[in-house]
file input_9.cif (mmCIF, N, CA and C atoms)
data_input
#
loop_
_atom_site.group_PDB
_atom_site.id
_atom_site.type_symbol
_atom_site.label_atom_id
_atom_site.label_comp_id
_atom_site.auth_asym_id
_atom_site.auth_seq_id
_atom_site.Cartn_x
_atom_site.Cartn_y
_atom_site.Cartn_z
ATOM 1 N N MET A 12 -3.713 136.003 -92.137
ATOM 2 C CA MET A 12 -4.992 136.059 -91.437
ATOM 3 C C MET A 12 -4.845 135.352 -90.090
ATOM 4 N N ASP A 13 -5.497 135.853 -89.116
ATOM 5 C CA ASP A 13 -5.434 135.318 -87.764
ATOM 6 C C ASP A 13 -6.052 133.922 -87.712
ATOM 7 N N TYR A 14 -5.332 132.959 -87.104
ATOM 8 C CA TYR A 14 -5.831 131.586 -87.058
ATOM 9 C C TYR A 14 -7.083 131.452 -86.198
ATOM 10 N N LEU A 15 -7.250 132.263 -85.163
ATOM 11 C CA LEU A 15 -8.468 132.197 -84.350
ATOM 12 C C LEU A 15 -9.682 132.614 -85.169
ATOM 13 N N PHE A 16 -9.498 133.630 -86.003
ATOM 14 C CA PHE A 16 -10.578 134.065 -86.876
ATOM 15 C C PHE A 16 -10.935 132.966 -87.869
ATOM 16 N N MET A 17 -9.934 132.300 -88.427
ATOM 17 C CA MET A 17 -10.192 131.212 -89.379
ATOM 18 C C MET A 17 -10.916 130.044 -88.713
ATOM 19 N N ILE A 18 -10.529 129.712 -87.495
ATOM 20 C CA ILE A 18 -11.204 128.627 -86.773
ATOM 21 C C ILE A 18 -12.649 129.008 -86.475
ATOM 22 N N SER A 19 -12.881 130.250 -86.071
ATOM 23 C CA SER A 19 -14.250 130.667 -85.772
ATOM 24 C C SER A 19 -15.111 130.649 -87.037
ATOM 25 N N ILE A 20 -14.564 131.072 -88.166
ATOM 26 C CA ILE A 20 -15.307 131.016 -89.429
ATOM 27 C C ILE A 20 -15.589 129.563 -89.799
ATOM 28 N N LEU A 21 -14.627 128.681 -89.585
ATOM 29 C CA LEU A 21 -14.816 127.253 -89.863
ATOM 30 C C LEU A 21 -15.930 126.666 -88.997
ATOM 31 N N ILE A 22 -15.914 127.006 -87.723
ATOM 32 C CA ILE A 22 -16.964 126.527 -86.819
ATOM 33 C C ILE A 22 -18.334 127.012 -87.292
ATOM 34 N N LEU A 23 -18.416 128.282 -87.662
ATOM 35 C CA LEU A 23 -19.692 128.827 -88.129
ATOM 36 C C LEU A 23 -20.105 128.224 -89.466
ATOM 37 N N ALA A 24 -19.151 128.035 -90.369
ATOM 38 C CA ALA A 24 -19.455 127.509 -91.702
ATOM 39 C C ALA A 24 -19.883 126.048 -91.652
ATOM 40 N N ILE A 25 -19.378 125.310 -90.685
ATOM 41 C CA ILE A 25 -19.774 123.904 -90.535
ATOM 42 C C ILE A 25 -20.962 123.786 -89.588
ATOM 43 N N GLY A 26 -20.904 124.500 -88.490
ATOM 44 C CA GLY A 26 -21.901 124.352 -87.429
ATOM 45 C C GLY A 26 -23.312 124.753 -87.815
ATOM 46 N N TRP A 27 -23.481 125.930 -88.422
ATOM 47 C CA TRP A 27 -24.839 126.387 -88.733
ATOM 48 C C TRP A 27 -25.531 125.547 -89.809
ATOM 49 N N PRO A 28 -24.850 125.170 -90.889
ATOM 50 C CA PRO A 28 -25.535 124.284 -91.841
ATOM 51 C C PRO A 28 -25.908 122.932 -91.232
ATOM 52 N N ILE A 29 -25.005 122.370 -90.415
ATOM 53 C CA ILE A 29 -25.328 121.109 -89.743
ATOM 54 C C ILE A 29 -26.507 121.321 -88.804
ATOM 55 N N LEU A 30 -26.508 122.420 -88.099
ATOM 56 C CA LEU A 30 -27.592 122.736 -87.176
ATOM 57 C C LEU A 30 -28.925 122.830 -87.911
ATOM 58 N N ILE A 31 -28.958 123.540 -89.009
ATOM 59 C CA ILE A 31 -30.212 123.729 -89.739
ATOM 60 C C ILE A 31 -30.674 122.425 -90.383
ATOM 61 N N MET A 32 -29.777 121.770 -91.110
ATOM 62 C CA MET A 32 -30.163 120.516 -91.772
ATOM 63 C C MET A 32 -30.484 119.431 -90.741
ATOM 64 N N GLY A 33 -29.695 119.384 -89.684
ATOM 65 C CA GLY A 33 -29.932 118.392 -88.642
ATOM 66 C C GLY A 33 -31.247 118.608 -87.922
ATOM 67 N N SER A 34 -31.598 119.853 -87.683
ATOM 68 C CA SER A 34 -32.853 120.116 -86.990
ATOM 69 C C SER A 34 -34.048 119.771 -87.870
ATOM 70 N N ILE A 35 -33.926 119.988 -89.178
ATOM 71 C CA ILE A 35 -34.997 119.583 -90.086
ATOM 72 C C ILE A 35 -35.151 118.064 -90.060
ATOM 73 N N TYR A 36 -34.025 117.360 -90.116
ATOM 74 C CA TYR A 36 -34.053 115.896 -90.078
ATOM 75 C C TYR A 36 -34.642 115.388 -88.762
ATOM 76 N N VAL A 37 -34.174 115.946 -87.647
ATOM 77 C CA VAL A 37 -34.675 115.527 -86.330
ATOM 78 C C VAL A 37 -36.173 115.780 -86.224
ATOM 79 N N PHE A 38 -36.627 116.919 -86.689
ATOM 80 C CA PHE A 38 -38.047 117.244 -86.619
ATOM 81 C C PHE A 38 -38.880 116.263 -87.448
ATOM 82 N N ILE A 39 -38.451 116.007 -88.675
ATOM 83 C CA ILE A 39 -39.211 115.106 -89.550
ATOM 84 C C ILE A 39 -39.221 113.685 -88.996
ATOM 85 N N GLN A 40 -38.074 113.170 -88.593
ATOM 86 C CA GLN A 40 -38.013 111.812 -88.047
ATOM 87 C C GLN A 40 -38.783 111.710 -86.736
ATOM 88 N N GLY A 41 -38.646 112.712 -85.898
ATOM 89 C CA GLY A 41 -39.376 112.704 -84.627
ATOM 90 C C GLY A 41 -40.875 112.717 -84.844
ATOM 91 N N ARG A 42 -41.302 113.472 -85.818
ATOM 92 C CA ARG A 42 -42.737 113.529 -86.130
ATOM 93 C C ARG A 42 -43.248 112.181 -86.640
ATOM 94 N N ARG A 43 -42.429 111.506 -87.455
ATOM 95 C CA ARG A 43 -42.813 110.175 -87.950
ATOM 96 C C ARG A 43 -42.961 109.175 -86.799
ATOM 97 N N VAL A 44 -42.002 109.193 -85.901
ATOM 98 C CA VAL A 44 -42.079 108.285 -84.747
ATOM 99 C C VAL A 44 -43.288 108.626 -83.901
ATOM 100 N N TYR A 45 -43.469 109.901 -83.639
ATOM 101 C CA TYR A 45 -44.589 110.322 -82.804
ATOM 102 C C TYR A 45 -45.927 109.920 -83.423
ATOM 103 N N ASN A 46 -46.069 110.083 -84.730
ATOM 104 C CA ASN A 46 -47.323 109.721 -85.393
ATOM 105 C C ASN A 46 -47.593 108.218 -85.338
ATOM 106 N N LEU A 47 -46.545 107.413 -85.261
ATOM 107 C CA LEU A 47 -46.733 105.963 -85.164
ATOM 108 C C LEU A 47 -47.277 105.550 -83.801
ATOM 109 N N VAL A 48 -46.866 106.237 -82.761
ATOM 110 C CA VAL A 48 -47.209 105.803 -81.398
ATOM 111 C C VAL A 48 -47.725 106.964 -80.536
ATOM 112 N N LYS A 49 -48.621 107.753 -81.082
ATOM 113 C CA LYS A 49 -49.187 108.879 -80.334
ATOM 114 C C LYS A 49 -49.771 108.405 -79.010
ATOM 115 N N GLY A 50 -49.554 109.187 -77.989
ATOM 116 C CA GLY A 50 -50.151 108.910 -76.691
ATOM 117 C C GLY A 50 -49.427 107.870 -75.860
ATOM 118 N N SER A 51 -48.473 107.145 -76.433
ATOM 119 C CA SER A 51 -47.743 106.141 -75.665
ATOM 120 C C SER A 51 -46.494 106.774 -75.047
ATOM 121 N N LEU A 52 -45.830 106.004 -74.231
ATOM 122 C CA LEU A 52 -44.606 106.477 -73.593
ATOM 123 C C LEU A 52 -43.534 106.791 -74.633
ATOM 124 N N ILE A 53 -43.393 105.943 -75.637
ATOM 125 C CA ILE A 53 -42.390 106.191 -76.674
ATOM 126 C C ILE A 53 -42.721 107.471 -77.435
ATOM 127 N N GLY A 54 -43.981 107.693 -77.720
ATOM 128 C CA GLY A 54 -44.384 108.917 -78.404
ATOM 129 C C GLY A 54 -44.062 110.154 -77.590
ATOM 130 N N ASN A 55 -44.374 110.104 -76.314
ATOM 131 C CA ASN A 55 -44.086 111.249 -75.440
ATOM 132 C C ASN A 55 -42.587 111.473 -75.270
ATOM 133 N N LEU A 56 -41.825 110.385 -75.153
ATOM 134 C CA LEU A 56 -40.370 110.515 -75.036
ATOM 135 C C LEU A 56 -39.766 111.081 -76.318
ATOM 136 N N THR A 57 -40.278 110.642 -77.439
ATOM 137 C CA THR A 57 -39.778 111.150 -78.720
ATOM 138 C C THR A 57 -40.061 112.635 -78.865
ATOM 139 N N LYS A 58 -41.277 113.021 -78.525
ATOM 140 C CA LYS A 58 -41.636 114.437 -78.613
ATOM 141 C C LYS A 58 -40.744 115.277 -77.694
ATOM 142 N N THR A 59 -40.517 114.797 -76.497
ATOM 143 C CA THR A 59 -39.659 115.502 -75.544
ATOM 144 C C THR A 59 -38.217 115.551 -76.039
ATOM 145 N N LEU A 60 -37.720 114.445 -76.573
ATOM 146 C CA LEU A 60 -36.354 114.409 -77.101
ATOM 147 C C LEU A 60 -36.184 115.421 -78.234
ATOM 148 N N VAL A 61 -37.119 115.435 -79.159
ATOM 149 C CA VAL A 61 -37.021 116.340 -80.306
ATOM 150 C C VAL A 61 -37.054 117.797 -79.852
ATOM 151 N N LEU A 62 -37.984 118.142 -79.001
ATOM 152 C CA LEU A 62 -38.070 119.525 -78.521
ATOM 153 C C LEU A 62 -36.821 119.930 -77.751
ATOM 154 N N THR A 63 -36.330 119.041 -76.913
ATOM 155 C CA THR A 63 -35.135 119.335 -76.121
ATOM 156 C C THR A 63 -33.920 119.519 -77.016
ATOM 157 N N VAL A 64 -33.747 118.617 -77.967
ATOM 158 C CA VAL A 64 -32.602 118.713 -78.867
ATOM 159 C C VAL A 64 -32.650 120.014 -79.664
ATOM 160 N N LEU A 65 -33.816 120.372 -80.175
ATOM 161 C CA LEU A 65 -33.927 121.594 -80.970
ATOM 162 C C LEU A 65 -33.650 122.846 -80.139
ATOM 163 N N VAL A 66 -34.221 122.921 -78.952
ATOM 164 C CA VAL A 66 -33.995 124.093 -78.093
ATOM 165 C C VAL A 66 -32.525 124.182 -77.693
ATOM 166 N N GLU A 67 -31.937 123.063 -77.314
ATOM 167 C CA GLU A 67 -30.539 123.080 -76.900
ATOM 168 C C GLU A 67 -29.614 123.432 -78.062
ATOM 169 N N MET A 68 -29.885 122.879 -79.227
ATOM 170 C CA MET A 68 -29.019 123.135 -80.372
ATOM 171 C C MET A 68 -29.022 124.610 -80.754
ATOM 172 N N TYR A 69 -30.199 125.194 -80.860
ATOM 173 C CA TYR A 69 -30.260 126.595 -81.272
ATOM 174 C C TYR A 69 -29.771 127.527 -80.167
ATOM 175 N N SER A 70 -30.029 127.200 -78.926
ATOM 176 C CA SER A 70 -29.506 128.014 -77.823
ATOM 177 C C SER A 70 -27.984 128.012 -77.836
ATOM 178 N N LEU A 71 -27.411 126.840 -77.982
ATOM 179 C CA LEU A 71 -25.958 126.729 -78.027
ATOM 180 C C LEU A 71 -25.393 127.456 -79.244
ATOM 181 N N GLY A 72 -26.026 127.298 -80.388
ATOM 182 C CA GLY A 72 -25.557 127.958 -81.601
ATOM 183 C C GLY A 72 -25.573 129.468 -81.488
ATOM 184 N N ILE A 73 -26.642 130.002 -80.957
ATOM 185 C CA ILE A 73 -26.766 131.453 -80.826
ATOM 186 C C ILE A 73 -25.767 132.002 -79.818
ATOM 187 N N VAL A 74 -25.652 131.355 -78.677
ATOM 188 C CA VAL A 74 -24.722 131.833 -77.641
ATOM 189 C C VAL A 74 -23.282 131.732 -78.120
ATOM 190 N N CYS A 75 -22.925 130.619 -78.743
ATOM 191 C CA CYS A 75 -21.546 130.462 -79.216
ATOM 192 C C CYS A 75 -21.216 131.453 -80.328
ATOM 193 N N THR A 76 -22.149 131.660 -81.236
ATOM 194 C CA THR A 76 -21.924 132.622 -82.314
ATOM 195 C C THR A 76 -21.720 134.028 -81.752
ATOM 196 N N ALA A 77 -22.573 134.431 -80.844
ATOM 197 C CA ALA A 77 -22.444 135.752 -80.236
ATOM 198 C C ALA A 77 -21.134 135.876 -79.465
ATOM 199 N N PHE A 78 -20.769 134.834 -78.753
ATOM 200 C CA PHE A 78 -19.540 134.848 -77.974
ATOM 201 C C PHE A 78 -18.323 134.974 -78.891
ATOM 202 N N MET A 79 -18.340 134.277 -80.025
ATOM 203 C CA MET A 79 -17.206 134.370 -80.951
ATOM 204 C C MET A 79 -17.100 135.755 -81.580
ATOM 205 N N PHE A 80 -18.238 136.398 -81.828
ATOM 206 C CA PHE A 80 -18.189 137.747 -82.380
ATOM 207 C C PHE A 80 -17.711 138.764 -81.352
ATOM 208 N N CYS A 81 -17.940 138.500 -80.073
ATOM 209 C CA CYS A 81 -17.501 139.416 -79.019
ATOM 210 C C CYS A 81 -16.007 139.288 -78.735
ATOM 211 N N ASP A 82 -15.496 138.071 -78.765
ATOM 212 C CA ASP A 82 -14.094 137.840 -78.421
ATOM 213 C C ASP A 82 -13.591 136.623 -79.184
ATOM 214 N N GLN A 83 -12.618 136.821 -80.052
ATOM 215 C CA GLN A 83 -12.109 135.705 -80.853
ATOM 216 C C GLN A 83 -11.409 134.649 -80.009
ATOM 217 N N ARG A 84 -10.895 135.030 -78.864
ATOM 218 C CA ARG A 84 -10.241 134.053 -77.997
ATOM 219 C C ARG A 84 -11.228 133.036 -77.433
ATOM 220 N N SER A 85 -12.510 133.318 -77.557
ATOM 221 C CA SER A 85 -13.522 132.372 -77.082
ATOM 222 C C SER A 85 -13.513 131.079 -77.879
ATOM 223 N N VAL A 86 -12.824 131.069 -79.008
ATOM 224 C CA VAL A 86 -12.712 129.848 -79.813
ATOM 225 C C VAL A 86 -12.107 128.719 -78.973
ATOM 226 N N TYR A 87 -11.202 129.058 -78.075
ATOM 227 C CA TYR A 87 -10.591 128.042 -77.216
ATOM 228 C C TYR A 87 -11.646 127.331 -76.355
ATOM 229 N N LEU A 88 -12.689 128.013 -75.993
ATOM 230 C CA LEU A 88 -13.775 127.424 -75.216
ATOM 231 C C LEU A 88 -14.827 126.806 -76.126
ATOM 232 N N ILE A 89 -15.134 127.475 -77.206
ATOM 233 C CA ILE A 89 -16.234 127.054 -78.069
ATOM 234 C C ILE A 89 -15.897 125.803 -78.881
ATOM 235 N N PHE A 90 -14.656 125.663 -79.327
ATOM 236 C CA PHE A 90 -14.302 124.515 -80.159
ATOM 237 C C PHE A 90 -14.549 123.190 -79.437
ATOM 238 N N PRO A 91 -14.092 123.004 -78.185
ATOM 239 C CA PRO A 91 -14.413 121.740 -77.498
ATOM 240 C C PRO A 91 -15.918 121.560 -77.263
ATOM 241 N N VAL A 92 -16.608 122.655 -76.979
ATOM 242 C CA VAL A 92 -18.065 122.585 -76.797
ATOM 243 C C VAL A 92 -18.727 122.161 -78.095
ATOM 244 N N PHE A 93 -18.258 122.694 -79.212
ATOM 245 C CA PHE A 93 -18.776 122.332 -80.525
ATOM 246 C C PHE A 93 -18.580 120.841 -80.792
ATOM 247 N N LEU A 94 -17.411 120.315 -80.476
ATOM 248 C CA LEU A 94 -17.145 118.888 -80.686
ATOM 249 C C LEU A 94 -18.040 118.014 -79.813
ATOM 250 N N ILE A 95 -18.209 118.403 -78.554
ATOM 251 C CA ILE A 95 -19.083 117.639 -77.655
ATOM 252 C C ILE A 95 -20.522 117.701 -78.143
ATOM 253 N N TRP A 96 -20.953 118.896 -78.581
ATOM 254 C CA TRP A 96 -22.312 119.031 -79.128
ATOM 255 C C TRP A 96 -22.501 118.098 -80.310
ATOM 256 N N PHE A 97 -21.520 118.029 -81.199
ATOM 257 C CA PHE A 97 -21.639 117.207 -82.392
ATOM 258 C C PHE A 97 -21.758 115.729 -82.025
ATOM 259 N N ILE A 98 -21.004 115.276 -81.047
ATOM 260 C CA ILE A 98 -21.076 113.885 -80.603
ATOM 261 C C ILE A 98 -22.453 113.594 -80.005
ATOM 262 N N VAL A 99 -22.948 114.490 -79.164
ATOM 263 C CA VAL A 99 -24.279 114.305 -78.565
ATOM 264 C C VAL A 99 -25.362 114.357 -79.634
ATOM 265 N N PHE A 100 -25.203 115.215 -80.618
ATOM 266 C CA PHE A 100 -26.156 115.302 -81.719
ATOM 267 C C PHE A 100 -26.213 113.977 -82.483
ATOM 268 N N LEU A 101 -25.049 113.401 -82.777
ATOM 269 C CA LEU A 101 -25.024 112.104 -83.465
ATOM 270 C C LEU A 101 -25.691 111.018 -82.617
ATOM 271 N N LYS A 102 -25.466 111.046 -81.318
ATOM 272 C CA LYS A 102 -26.103 110.083 -80.414
ATOM 273 C C LYS A 102 -27.615 110.268 -80.426
ATOM 274 N N SER A 103 -28.087 111.491 -80.455
ATOM 275 C CA SER A 103 -29.524 111.763 -80.510
ATOM 276 C C SER A 103 -30.133 111.213 -81.793
ATOM 277 N N LEU A 104 -29.422 111.364 -82.903
ATOM 278 C CA LEU A 104 -29.904 110.812 -84.165
ATOM 279 C C LEU A 104 -30.009 109.292 -84.100
ATOM 280 N N LYS A 105 -29.030 108.662 -83.479
ATOM 281 C CA LYS A 105 -29.037 107.206 -83.328
ATOM 282 C C LYS A 105 -30.227 106.759 -82.482
ATOM 283 N N VAL A 106 -30.459 107.442 -81.381
ATOM 284 C CA VAL A 106 -31.574 107.099 -80.503
ATOM 285 C C VAL A 106 -32.903 107.303 -81.223
ATOM 286 N N LEU A 107 -32.999 108.350 -82.000
ATOM 287 C CA LEU A 107 -34.221 108.620 -82.746
ATOM 288 C C LEU A 107 -34.486 107.536 -83.788
ATOM 289 N N ARG A 108 -33.443 107.075 -84.457
ATOM 290 C CA ARG A 108 -33.608 105.978 -85.419
ATOM 291 C C ARG A 108 -34.050 104.704 -84.718
ATOM 292 N N GLN A 109 -33.460 104.409 -83.558
ATOM 293 C CA GLN A 109 -33.852 103.219 -82.799
ATOM 294 C C GLN A 109 -35.293 103.333 -82.327
ATOM 295 N N ALA A 110 -35.695 104.528 -81.927
ATOM 296 C CA ALA A 110 -37.082 104.734 -81.489
ATOM 297 C C ALA A 110 -38.046 104.507 -82.645
ATOM 298 N N LYS A 111 -37.641 104.905 -83.838
ATOM 299 C CA LYS A 111 -38.500 104.686 -85.013
ATOM 300 C C LYS A 111 -38.675 103.200 -85.269
ATOM 301 N N ILE A 112 -37.614 102.447 -85.168
ATOM 302 C CA ILE A 112 -37.690 100.992 -85.369
ATOM 303 C C ILE A 112 -38.615 100.368 -84.333
ATOM 304 N N GLU A 113 -38.444 100.762 -83.084
ATOM 305 C CA GLU A 113 -39.304 100.231 -82.012
ATOM 306 C C GLU A 113 -40.758 100.638 -82.204
ATOM 307 N N ALA A 114 -40.971 101.869 -82.618
ATOM 308 C CA ALA A 114 -42.340 102.361 -82.826
ATOM 309 C C ALA A 114 -43.008 101.609 -83.961
ATOM 310 N N GLU A 115 -42.263 101.294 -85.006
ATOM 311 C CA GLU A 115 -42.828 100.514 -86.110
ATOM 312 C C GLU A 115 -43.195 99.124 -85.654
ATOM 313 N N LYS A 116 -42.397 98.529 -84.767
ATOM 314 C CA LYS A 116 -42.729 97.210 -84.226
ATOM 315 C C LYS A 116 -44.010 97.278 -83.398
ATOM 316 N N ILE A 117 -44.113 98.299 -82.565
ATOM 317 C CA ILE A 117 -45.284 98.445 -81.712
ATOM 318 C C ILE A 117 -46.527 98.693 -82.552
ATOM 319 N N ALA A 118 -46.397 99.529 -83.576
ATOM 320 C CA ALA A 118 -47.539 99.868 -84.415
ATOM 321 C C ALA A 118 -47.875 98.768 -85.425
ATOM 322 N N GLY A 119 -46.978 97.785 -85.543
ATOM 323 C CA GLY A 119 -47.228 96.674 -86.461
ATOM 324 C C GLY A 119 -46.979 97.040 -87.908
ATOM 325 N N LYS A 120 -46.062 97.927 -88.157
ATOM 326 C CA LYS A 120 -45.769 98.348 -89.547
ATOM 327 C C LYS A 120 -44.424 97.860 -89.981
#

call {"tool": "encode", "arguments": {"input": "input_9.cif", "output": "structure tokens"}}
result
Amino acid sequence: MDYLFMISILILAIGWPILIMGSIYVFIQGRRVYNLVKGSLIGNLTKTLVLTVLVEMYSLGIVCTAFMFCDQRSVYLIFPVFLIWFIVFLKSLKVLRQAKIEAEKIAGK
């Protein structure tokens, strides 16, 4: 079996489940933070962060998936993009957790 095909299947098999589960987690956590500090700067930043992360994640997922189906050699481009996306996604989760802690302090909970 062609190694490029195997890498593309691996990216899809790992990427889409992480994307779906991660977006559910980001949405739920973002909503919790937002509900703690509605109308404040932290609430607005959290809402913006969550919406931006979700739009970017699904846009990247759809474009990369389509690109891999069009040309298997695109794996050479998509794999580094996938790794960078994953690192940024983890950073977003960290920031969201920190925002929740700060929001709980502000809300007195």

call {"tool": "residues_around", "arguments": {"input": "input_9.cif", "residues": "segment 92-98 of chain A", "least_positions_apart": "5", "cutoff": "8 Å", "atoms": "only N, CA and C atoms", "output": "list in words"}}
result
Ile22, Gly26, Met68, Val86, Tyr87, Ser103 and Leu104 of chain A

call {"tool": "atom_distance", "arguments": {"input": "input_9.cif", "atom1": "atom CA of Leu56 of chain A", "atom2": "atom CA of Val99 of chain A"}}
result
16.9 Å

call {"tool": "residues_around", "arguments": {"input": "input_9.cif", "residues": "Ala118 of chain A", "least_positions_apart": "3", "cutoff": "9 Å", "atoms": "only C-alpha atoms", "output": "PyMOL selection string"}}
result
chain A and resi 47-48+113-115

call {"tool": "residues_around", "arguments": {"input": "input_9.cif", "residues": "segment 30-36 of chain A", "least_positions_apart": "2", "cutoff": "10 Å", "atoms": "only C-alpha atoms", "output": "PDB file with N, CA and C atoms, in the coordinates of the input"}}
result
ATOM      1  N   ILE A  25     -19.378 125.310 -90.685  1.00  0.00           N
ATOM      2  CA  ILE A  25     -19.774 123.904 -90.535  1.00  0.00           C
ATOM      3  C   ILE A  25     -20.962 123.786 -89.588  1.00  0.00           C
ATOM      4  N   GLY A  26     -20.904 124.500 -88.490  1.00  0.00           N
ATOM      5  CA  GLY A  26     -21.901 124.352 -87.429  1.00  0.00           C
ATOM      6  C   GLY A  26     -23.312 124.753 -87.815  1.00  0.00           C
ATOM      7  N   TRP A  27     -23.481 125.930 -88.422  1.00  0.00           N
ATOM      8  CA  TRP A  27     -24.839 126.387 -88.733  1.00  0.00           C
ATOM      9  C   TRP A  27     -25.531 125.547 -89.809  1.00  0.00           C
ATOM     10  N   PRO A  28     -24.850 125.170 -90.889  1.00  0.00           N
ATOM     11  CA  PRO A  28     -25.535 124.284 -91.841  1.00  0.00           C
ATOM     12  C   PRO A  28     -25.908 122.932 -91.232  1.00  0.00           C
ATOM     13  N   PHE A  38     -36.627 116.919 -86.689  1.00  0.00           N
ATOM     14  CA  PHE A  38     -38.047 117.244 -86.619  1.00  0.00           C
ATOM     15  C   PHE A  38     -38.880 116.263 -87.448  1.00  0.00           C
ATOM     16  N   ILE A  39     -38.451 116.007 -88.675  1.00  0.00           N
ATOM     17  CA  ILE A  39     -39.211 115.106 -89.550  1.00  0.00           C
ATOM     18  C   ILE A  39     -39.221 113.685 -88.996  1.00  0.00           C
ATOM     19  N   GLN A  40     -38.074 113.170 -88.593  1.00  0.00           N
ATOM     20  CA  GLN A  40     -38.013 111.812 -88.047  1.00  0.00           C
ATOM     21  C   GLN A  40     -38.783 111.710 -86.736  1.00  0.00           C
ATOM     22  N   GLY A  41     -38.646 112.712 -85.898  1.00  0.00           N
ATOM     23  CA  GLY A  41     -39.376 112.704 -84.627  1.00  0.00           C
ATOM     24  C   GLY A  41     -40.875 112.717 -84.844  1.00  0.00           C
ATOM     25  N   ARG A  42     -41.302 113.472 -85.818  1.00  0.00           N
ATOM     26  CA  ARG A  42     -42.737 113.529 -86.130  1.00  0.00           C
ATOM     27  C   ARG A  42     -43.248 112.181 -86.640  1.00  0.00           C
ATOM     28  N   VAL A  61     -37.119 115.435 -79.159  1.00  0.00           N
ATOM     29  CA  VAL A  61     -37.021 116.340 -80.306  1.00  0.00           C
ATOM     30  C   VAL A  61     -37.054 117.797 -79.852  1.00  0.00           C
ATOM     31  N   LEU A  62     -37.984 118.142 -79.001  1.00  0.00           N
ATOM     32  CA  LEU A  62     -38.070 119.525 -78.521  1.00  0.00           C
ATOM     33  C   LEU A  62     -36.821 119.930 -77.751  1.00  0.00           C
ATOM     34  N   VAL A  64     -33.747 118.617 -77.967  1.00  0.00           N
ATOM     35  CA  VAL A  64     -32.602 118.713 -78.867  1.00  0.00           C
ATOM     36  C   VAL A  64     -32.650 120.014 -79.664  1.00  0.00           C
ATOM     37  N   LEU A  65     -33.816 120.372 -80.175  1.00  0.00           N
ATOM     38  CA  LEU A  65     -33.927 121.594 -80.970  1.00  0.00           C
ATOM     39  C   LEU A  65     -33.650 122.846 -80.139  1.00  0.00           C
ATOM     40  N   VAL A  66     -34.221 122.921 -78.952  1.00  0.00           N
ATOM     41  CA  VAL A  66     -33.995 124.093 -78.093  1.00  0.00           C
ATOM     42  C   VAL A  66     -32.525 124.182 -77.693  1.00  0.00           C
ATOM     43  N   MET A  68     -29.885 122.879 -79.227  1.00  0.00           N
ATOM     44  CA  MET A  68     -29.019 123.135 -80.372  1.00  0.00           C
ATOM     45  C   MET A  68     -29.022 124.610 -80.754  1.00  0.00           C
ATOM     46  N   TYR A  69     -30.199 125.194 -80.860  1.00  0.00           N
ATOM     47  CA  TYR A  69     -30.260 126.595 -81.272  1.00  0.00           C
ATOM     48  C   TYR A  69     -29.771 127.527 -80.167  1.00  0.00           C
ATOM     49  N   GLY A  72     -26.026 127.298 -80.388  1.00  0.00           N
ATOM     50  CA  GLY A  72     -25.557 127.958 -81.601  1.00  0.00           C
ATOM     51  C   GLY A  72     -25.573 129.468 -81.488  1.00  0.00           C
ATOM     52  N   PHE A  97     -21.520 118.029 -81.199  1.00  0.00           N
ATOM     53  CA  PHE A  97     -21.639 117.207 -82.392  1.00  0.00           C
ATOM     54  C   PHE A  97     -21.758 115.729 -82.025  1.00  0.00           C
ATOM     55  N   PHE A 100     -25.203 115.215 -80.618  1.00  0.00           N
ATOM     56  CA  PHE A 100     -26.156 115.302 -81.719  1.00  0.00           C
ATOM     57  C   PHE A 100     -26.213 113.977 -82.483  1.00  0.00           C
ATOM     58  N   LEU A 101     -25.049 113.401 -82.777  1.00  0.00           N
ATOM     59  CA  LEU A 101     -25.024 112.104 -83.465  1.00  0.00           C
ATOM     60  C   LEU A 101     -25.691 111.018 -82.617  1.00  0.00           C
ATOM     61  N   LEU A 104     -29.422 111.364 -82.903  1.00  0.00           N
ATOM     62  CA  LEU A 104     -29.904 110.812 -84.165  1.00  0.00           C
ATOM     63  C   LEU A 104     -30.009 109.292 -84.100  1.00  0.00           C
TER      64      LEU A 104
END

call {"tool": "atom_distance", "arguments": {"input": "input_9.cif", "atom1": "atom C of Val44 of chain A", "atom2": "atom CA of Glu67 of chain A"}}
result
20.5 Å

call {"tool": "decode", "arguments": {"input": "input_9.cif", "residues": "segment 39-47 of chain A", "atoms": "N, CA and C atoms", "output": "tab-separated table (two decimals), in the first residue's frame"}}
result
chain	number	residue	atom	x	y	z
A	39	ILE	N	-18.35	23.62	25.19
A	39	ILE	CA	-18.90	23.48	26.55
A	39	ILE	C	-18.11	24.32	27.54
A	40	GLN	N	-16.79	24.24	27.51
A	40	GLN	CA	-15.97	25.03	28.43
A	40	GLN	C	-16.11	26.52	28.17
A	41	GLY	N	-16.14	26.90	26.91
A	41	GLY	CA	-16.31	28.31	26.58
A	41	GLY	C	-17.64	28.85	27.06
A	42	ARG	N	-18.66	28.04	26.94
A	42	ARG	CA	-19.99	28.45	27.41
A	42	ARG	C	-20.01	28.62	28.93
A	43	ARG	N	-19.32	27.72	29.64
A	43	ARG	CA	-19.24	27.84	31.10
A	43	ARG	C	-18.53	29.14	31.52
A	44	VAL	N	-17.43	29.42	30.86
A	44	VAL	CA	-16.71	30.67	31.18
A	44	VAL	C	-17.57	31.86	30.85
A	45	TYR	N	-18.18	31.84	29.69
A	45	TYR	CA	-19.01	32.96	29.27
A	45	TYR	C	-20.17	33.19	30.24
A	46	ASN	N	-20.80	32.12	30.69
A	46	ASN	CA	-21.92	32.27	31.63
A	46	ASN	C	-21.48	32.84	32.98
A	47	LEU	N	-20.24	32.61	33.36
A	47	LEU	CA	-19.74	33.16	34.62
A	47	LEU	C	-19.54	34.67	34.54
